[in-house]
file entry-v1.pdb (PDB, C-alpha atoms)
ATOM      1  CA  LYS A   1      17.983 -52.832   3.502
ATOM      2  CA  LYS A   2      15.711 -51.921   0.587
ATOM      3  CA  HIS A   3      15.596 -48.323   1.807
ATOM      4  CA  LEU A   4      19.376 -48.006   1.815
ATOM      5  CA  GLU A   5      19.682 -49.725  -1.555
ATOM      6  CA  LYS A   6      17.114 -47.329  -3.054
ATOM      7  CA  GLU A   7      19.034 -44.428  -1.523
ATOM      8  CA  LEU A   8      22.143 -45.510  -3.438
ATOM      9  CA  GLN A   9      20.126 -45.672  -6.665
ATOM     10  CA  VAL A  10      18.637 -42.179  -6.456
ATOM     11  CA  GLN A  11      20.927 -40.039  -4.279
ATOM     12  CA  ALA A  12      22.720 -38.494  -7.289
ATOM     13  CA  LYS A  13      19.325 -37.266  -8.548
ATOM     14  CA  GLY A  14      18.608 -35.358  -5.322
ATOM     15  CA  ILE A  15      15.680 -37.620  -4.461
ATOM     16  CA  LYS A  16      14.987 -38.285  -0.791
ATOM     17  CA  VAL A  17      13.872 -41.810   0.053
ATOM     18  CA  LEU A  18      11.199 -42.356   2.701
ATOM     19  CA  SER A  19       9.916 -45.567   4.253
ATOM     20  CA  LEU A  20       6.553 -45.813   5.962
ATOM     21  CA  PHE A  21       5.672 -48.332   8.680
ATOM     22  CA  PHE A  22       2.091 -48.929   9.823
ATOM     23  CA  VAL A  23       2.021 -50.396  13.331
ATOM     24  CA  ASP A  24      -0.741 -52.279  15.101
ATOM     25  CA  ARG A  25      -0.405 -50.452  18.424
ATOM     26  CA  VAL A  26       1.299 -47.158  19.253
ATOM     27  CA  ALA A  27       2.933 -48.820  22.279
ATOM     28  CA  ASN A  28       4.792 -51.177  19.971
ATOM     29  CA  TYR A  29       6.722 -48.186  18.660
ATOM     30  CA  ARG A  30       6.582 -45.723  21.568
ATOM     31  CA  ASP A  31       5.481 -46.550  25.078
ATOM     32  CA  TYR A  32       5.802 -45.033  28.556
ATOM     33  CA  ASP A  33       7.781 -46.193  31.563
ATOM     34  CA  SER A  34       6.425 -46.263  35.120
ATOM     35  CA  ASN A  35       7.274 -42.547  35.528
ATOM     36  CA  GLY A  36       5.328 -41.592  32.397
ATOM     37  CA  LYS A  37       8.497 -40.928  30.389
ATOM     38  CA  PRO A  38       8.362 -41.951  26.683
ATOM     39  CA  VAL A  39      10.436 -45.026  25.851
ATOM     40  CA  ALA A  40      11.051 -47.041  22.706
ATOM     41  CA  GLY A  41       8.674 -49.919  22.037
ATOM     42  CA  LYS A  42       9.609 -53.260  20.509
ATOM     43  CA  PHE A  43       9.318 -52.029  16.906
ATOM     44  CA  ALA A  44      11.569 -49.032  17.617
ATOM     45  CA  HIS A  45      14.123 -51.345  19.244
ATOM     46  CA  ALA A  46      13.978 -53.759  16.299
ATOM     47  CA  PHE A  47      14.357 -50.871  13.841
ATOM     48  CA  VAL A  48      17.393 -49.431  15.641
ATOM     49  CA  GLU A  49      19.034 -52.837  15.888
ATOM     50  CA  ALA A  50      18.516 -53.732  12.203
ATOM     51  CA  PHE A  51      19.370 -50.247  10.936
ATOM     52  CA  THR A  52      22.553 -50.010  13.030
ATOM     53  CA  GLU A  53      23.769 -53.316  11.626
ATOM     54  CA  LEU A  54      22.885 -52.494   8.005
ATOM     55  CA  SER A  55      24.412 -49.023   8.117
ATOM     56  CA  LYS A  56      27.807 -50.573   8.892
ATOM     57  CA  GLU A  57      27.915 -52.291   5.503
ATOM     58  CA  ASP A  58      30.666 -50.903   3.312
ATOM     59  CA  ARG A  59      28.391 -50.313   0.334
ATOM     60  CA  PHE A  60      26.380 -47.743   2.312
ATOM     61  CA  LYS A  61      29.343 -45.726   3.662
ATOM     62  CA  ASN A  62      28.803 -42.826   1.206
ATOM     63  CA  ILE A  63      25.259 -42.055   2.305
ATOM     64  CA  PRO A  64      25.766 -38.722   4.086
ATOM     65  CA  TRP A  65      22.749 -38.783   6.411
ATOM     66  CA  LEU A  66      23.960 -42.016   8.024
ATOM     67  CA  LYS A  67      26.231 -39.798  10.121
ATOM     68  CA  GLU A  68      23.129 -38.297  11.808
ATOM     69  CA  PRO A  69      22.094 -39.600  15.237
ATOM     70  CA  ILE A  70      19.724 -42.507  14.651
ATOM     71  CA  GLU A  71      16.934 -40.906  16.717
ATOM     72  CA  ARG A  72      16.723 -38.129  14.095
ATOM     73  CA  LEU A  73      16.193 -40.649  11.266
ATOM     74  CA  HIS A  74      12.969 -42.256  12.505
ATOM     75  CA  ASN A  75       9.891 -40.999  14.284
ATOM     76  CA  GLY A  76       6.261 -41.793  14.869
ATOM     77  CA  TYR A  77       3.215 -39.744  13.968
ATOM     78  CA  PHE A  78       0.446 -40.651  16.383
ATOM     79  CA  SER A  79      -2.630 -39.117  17.911
ATOM     80  CA  VAL A  80      -2.364 -37.750  21.456
ATOM     81  CA  ASP A  81      -4.934 -37.571  24.220
ATOM     82  CA  LYS A  82      -5.778 -34.516  26.334
ATOM     83  CA  LYS A  83      -2.868 -35.302  28.661
ATOM     84  CA  GLY A  84      -0.454 -35.340  25.720
ATOM     85  CA  LEU A  85      -0.011 -39.115  25.769
ATOM     86  CA  LEU A  86       0.170 -41.066  22.516
ATOM     87  CA  LYS A  87      -2.819 -43.288  21.813
ATOM     88  CA  ASP A  88      -4.276 -45.777  19.373
ATOM     89  CA  THR A  89      -7.171 -44.451  17.296
ATOM     90  CA  ASN A  90      -9.253 -45.626  14.381
ATOM     91  CA  GLY A  91      -8.347 -42.833  11.940
ATOM     92  CA  SER A  92     -11.581 -40.864  12.194
ATOM     93  CA  THR A  93     -11.269 -38.839  15.416
ATOM     94  CA  GLN A  94     -10.392 -35.193  16.062
ATOM     95  CA  ALA A  95      -7.035 -36.382  17.404
ATOM     96  CA  ASP A  96      -6.346 -38.062  14.061
ATOM     97  CA  ASP A  97      -7.264 -34.816  12.290
ATOM     98  CA  ASP A  98      -4.774 -32.925  14.462
ATOM     99  CA  VAL A  99      -1.956 -35.321  13.580
ATOM    100  CA  TYR A 100      -2.973 -35.266   9.919
ATOM    101  CA  ASN A 101      -2.712 -31.449   9.881
ATOM    102  CA  LEU A 102       0.705 -31.572  11.502
ATOM    103  CA  ILE A 103       1.985 -34.003   8.894
ATOM    104  CA  MET A 104       0.465 -32.043   6.009
ATOM    105  CA  LYS A 105       2.038 -28.789   7.197
ATOM    106  CA  ASP A 106       5.458 -30.424   7.399
ATOM    107  CA  LYS A 107       5.222 -32.257   4.084
ATOM    108  CA  GLU A 108       7.584 -29.872   2.271
ATOM    109  CA  ARG A 109      10.129 -30.085   5.092
ATOM    110  CA  LEU A 110       9.805 -33.867   5.063
ATOM    111  CA  LEU A 111      10.837 -33.928   1.390
ATOM    112  CA  SER A 112      13.909 -31.769   2.043
ATOM    113  CA  ILE A 113      17.230 -33.596   1.801
ATOM    114  CA  ASP A 114      18.338 -31.534   4.815
ATOM    115  CA  GLU A 115      15.603 -33.027   7.035
ATOM    116  CA  PRO A 116      17.128 -36.229   8.466
ATOM    117  CA  LEU A 117      13.794 -38.041   9.060
ATOM    118  CA  ARG A 118      13.537 -40.949   6.621
ATOM    119  CA  PHE A 119      11.567 -43.632   8.462
ATOM    120  CA  ILE A 120       7.981 -42.810   9.507
ATOM    121  CA  PHE A 121       5.942 -44.942  11.892
ATOM    122  CA  SER A 122       2.179 -44.438  12.090
ATOM    123  CA  HIS A 123      -0.852 -46.122  13.558
ATOM    124  CA  SER A 124      -3.864 -44.695  11.750
ATOM    125  CA  ALA A 125      -3.067 -41.033  11.144
ATOM    126  CA  LEU A 126      -1.760 -41.647   7.617
ATOM    127  CA  ARG A 127      -4.459 -43.985   6.368
ATOM    128  CA  GLU A 128      -6.417 -41.606   4.147
ATOM    129  CA  GLY A 129      -5.748 -38.266   2.523
ATOM    130  CA  TRP A 130      -1.972 -38.216   3.042
ATOM    131  CA  ASP A 131       0.448 -39.297   0.433
ATOM    132  CA  ASN A 132       4.051 -38.649  -0.318
ATOM    133  CA  PRO A 133       5.669 -39.380  -3.669
ATOM    134  CA  ASN A 134       8.995 -40.298  -2.049
ATOM    135  CA  VAL A 135       7.698 -43.222  -0.005
ATOM    136  CA  PHE A 136       9.444 -46.136  -1.671
ATOM    137  CA  GLN A 137       8.747 -48.789   0.968
ATOM    138  CA  ILE A 138       5.606 -49.444   2.949
ATOM    139  CA  CYS A 139       5.831 -51.990   5.719
ATOM    140  CA  VAL A 140       2.617 -53.043   7.409
ATOM    141  CA  LEU A 141       3.279 -54.319  10.924
ATOM    142  CA  ARG A 142      -0.383 -54.897  11.665
ATOM    143  CA  GLU A 143      -3.370 -56.843  10.397
ATOM    144  CA  MET A 144      -4.829 -55.394   7.205
ATOM    145  CA  GLY A 145      -8.570 -55.055   6.679
ATOM    146  CA  GLU A 146     -10.549 -54.935   3.493
ATOM    147  CA  THR A 147      -9.207 -54.445  -0.026
ATOM    148  CA  LEU A 148      -9.998 -50.713   0.094
ATOM    149  CA  GLU A 149      -7.897 -50.274   3.246
ATOM    150  CA  ARG A 150      -4.979 -52.146   1.654
ATOM    151  CA  ARG A 151      -5.176 -49.970  -1.457
ATOM    152  CA  GLN A 152      -5.347 -46.768   0.597
ATOM    153  CA  THR A 153      -2.379 -47.873   2.678
ATOM    154  CA  ILE A 154      -0.293 -48.611  -0.392
ATOM    155  CA  GLY A 155      -1.476 -45.315  -1.881
ATOM    156  CA  ARG A 156       0.343 -43.318   0.841
ATOM    157  CA  GLY A 157       3.453 -43.689  -1.291
ATOM    158  CA  LEU A 158       4.720 -45.639  -4.246
ATOM    159  CA  ARG A 159       4.245 -42.802  -6.738
ATOM    160  CA  LEU A 160       6.667 -41.029  -9.038
ATOM    161  CA  PRO A 161       9.244 -39.450  -6.714
ATOM    162  CA  VAL A 162      10.272 -35.792  -6.720
ATOM    163  CA  ASP A 163      13.701 -34.282  -6.233
ATOM    164  CA  LYS A 164      14.697 -31.430  -3.942
ATOM    165  CA  ASN A 165      13.172 -28.956  -6.434
ATOM    166  CA  GLY A 166       9.852 -30.795  -6.580
ATOM    167  CA  GLU A 167      10.502 -32.082 -10.090
TER     168      GLU A 167
END

call {"tool": "encode", "arguments": {"input": "entry-v1.pdb", "output": "structure tokens"}}
result
Amino acid sequence: KKHLEKELQVQAKGIKVLSLFFVDRVANYRDYDSNGKPVAGKFAHAFVEAFTELSKEDRFKNIPWLKEPIERLHNGYFSVDKKGLLKDTNGSTQADDDVYNLIMKDKERLLSIDEPLRFIFSHSALREGWDNPNVFQICVLREMGETLERRQTIGRGLRLPVDKNGE
């Protein structure tokens, strides 16, 4: 709800709104069925359900990207193992570095109004060294550690936003 409300506030300025969710376990966002096929976890289901309901509200009808398929609006950035399966990590492994590099390389595309992704789910890959000025909401769906970890998590966003020209 806050994401969509913020979108209404800033859309005329060409500012893209992002929301960041930190999950406790990768499987709570994306899991695998008995055939090894990726399936939505409980957080993905809850997101889709809440978002679908909110997006029907009349006040949000003029948000153009709401016409996009919902699966293009949210995604998870997680480490993968050697078999290509998503996994939980502690934020300090080579797999975390690989995900971090992927996110950093796509940072400009992520800020583009034309890129439909607006809701980012992560386990540990975005804990340190990644930030985005257009993250307006950070939702922590996991236990938080020490004060430093809380500050670093909040520091992934909540900065002065930039428009489509980077200003």

call {"tool": "closest_residue", "arguments": {"input": "entry-v1.pdb", "among": "A:Asn75, A:Thr147, A:Ser34, A:Gln11", "to": "Asn62 (chain A)", "atoms": "only C-alpha atoms"}}
result
A:Gln11

call {"tool": "residues_around", "arguments": {"input": "entry-v1.pdb", "residues": "Arg72 (chain A)", "least_positions_apart": "6", "cutoff": "9 Å", "atoms": "all atoms listed in the file", "output": "list in words"}}
result
Glu115, Pro116, Leu117 and Arg118 of chain A

call {"tool": "residues_near_point", "arguments": {"input": "entry-v1.pdb", "point": "(8.4, -40.9, 1.2)", "cutoff": "8 Å", "atoms": "only C-alpha atoms", "output": "list in words"}}
result
Lys16, Val17, Leu18, Ser19, Leu20, Leu111, Arg118, Asn132, Pro133, Asn134, Val135, Phe136, Gln137 and Gly157 of chain A

call {"tool": "atom_distance", "arguments": {"input": "entry-v1.pdb", "atom1": "CA of Lys13 (chain A)", "atom2": "CA of Phe51 (chain A)"}}
result
23.4 Å

call {"tool": "atom_distance", "arguments": {"input": "entry-v1.pdb", "atom1": "CA of Phe21 (chain A)", "atom2": "CA of Ala40 (chain A)"}}
result
15.1 Å

call {"tool": "closest_residue", "arguments": {"input": "entry-v1.pdb", "among": "A:Leu66, A:Ile113, A:Leu73, A:Ala44", "to": "Val23 (chain A)", "atoms": "all atoms listed in the file"}}
result
A:Ala44

call {"tool": "atom_distance", "arguments": {"input": "entry-v1.pdb", "atom1": "CA of Tyr77 (chain A)", "atom2": "CA of Ser122 (chain A)"}}
result
5.2 Å

call {"tool": "resolve_selection", "arguments": {"input": "entry-v1.pdb", "expression": "the PyMOL selection byres ((chain A and resi 164) around 10)", "output": "list in words"}}
result
Lys13, Gly14, Ile15, Lys16, Glu108, Leu111, Ser112, Ile113, Asp114, Val162, Asp163, Asn165, Gly166 and Glu167 of chain A

call {"tool": "closest_residue", "arguments": {"input": "entry-v1.pdb", "among": "A:Gly41, A:Pro69, A:Pro161, A:Pro64", "to": "Ala27 (chain A)", "atoms": "only C-alpha atoms"}}
result
A:Gly41
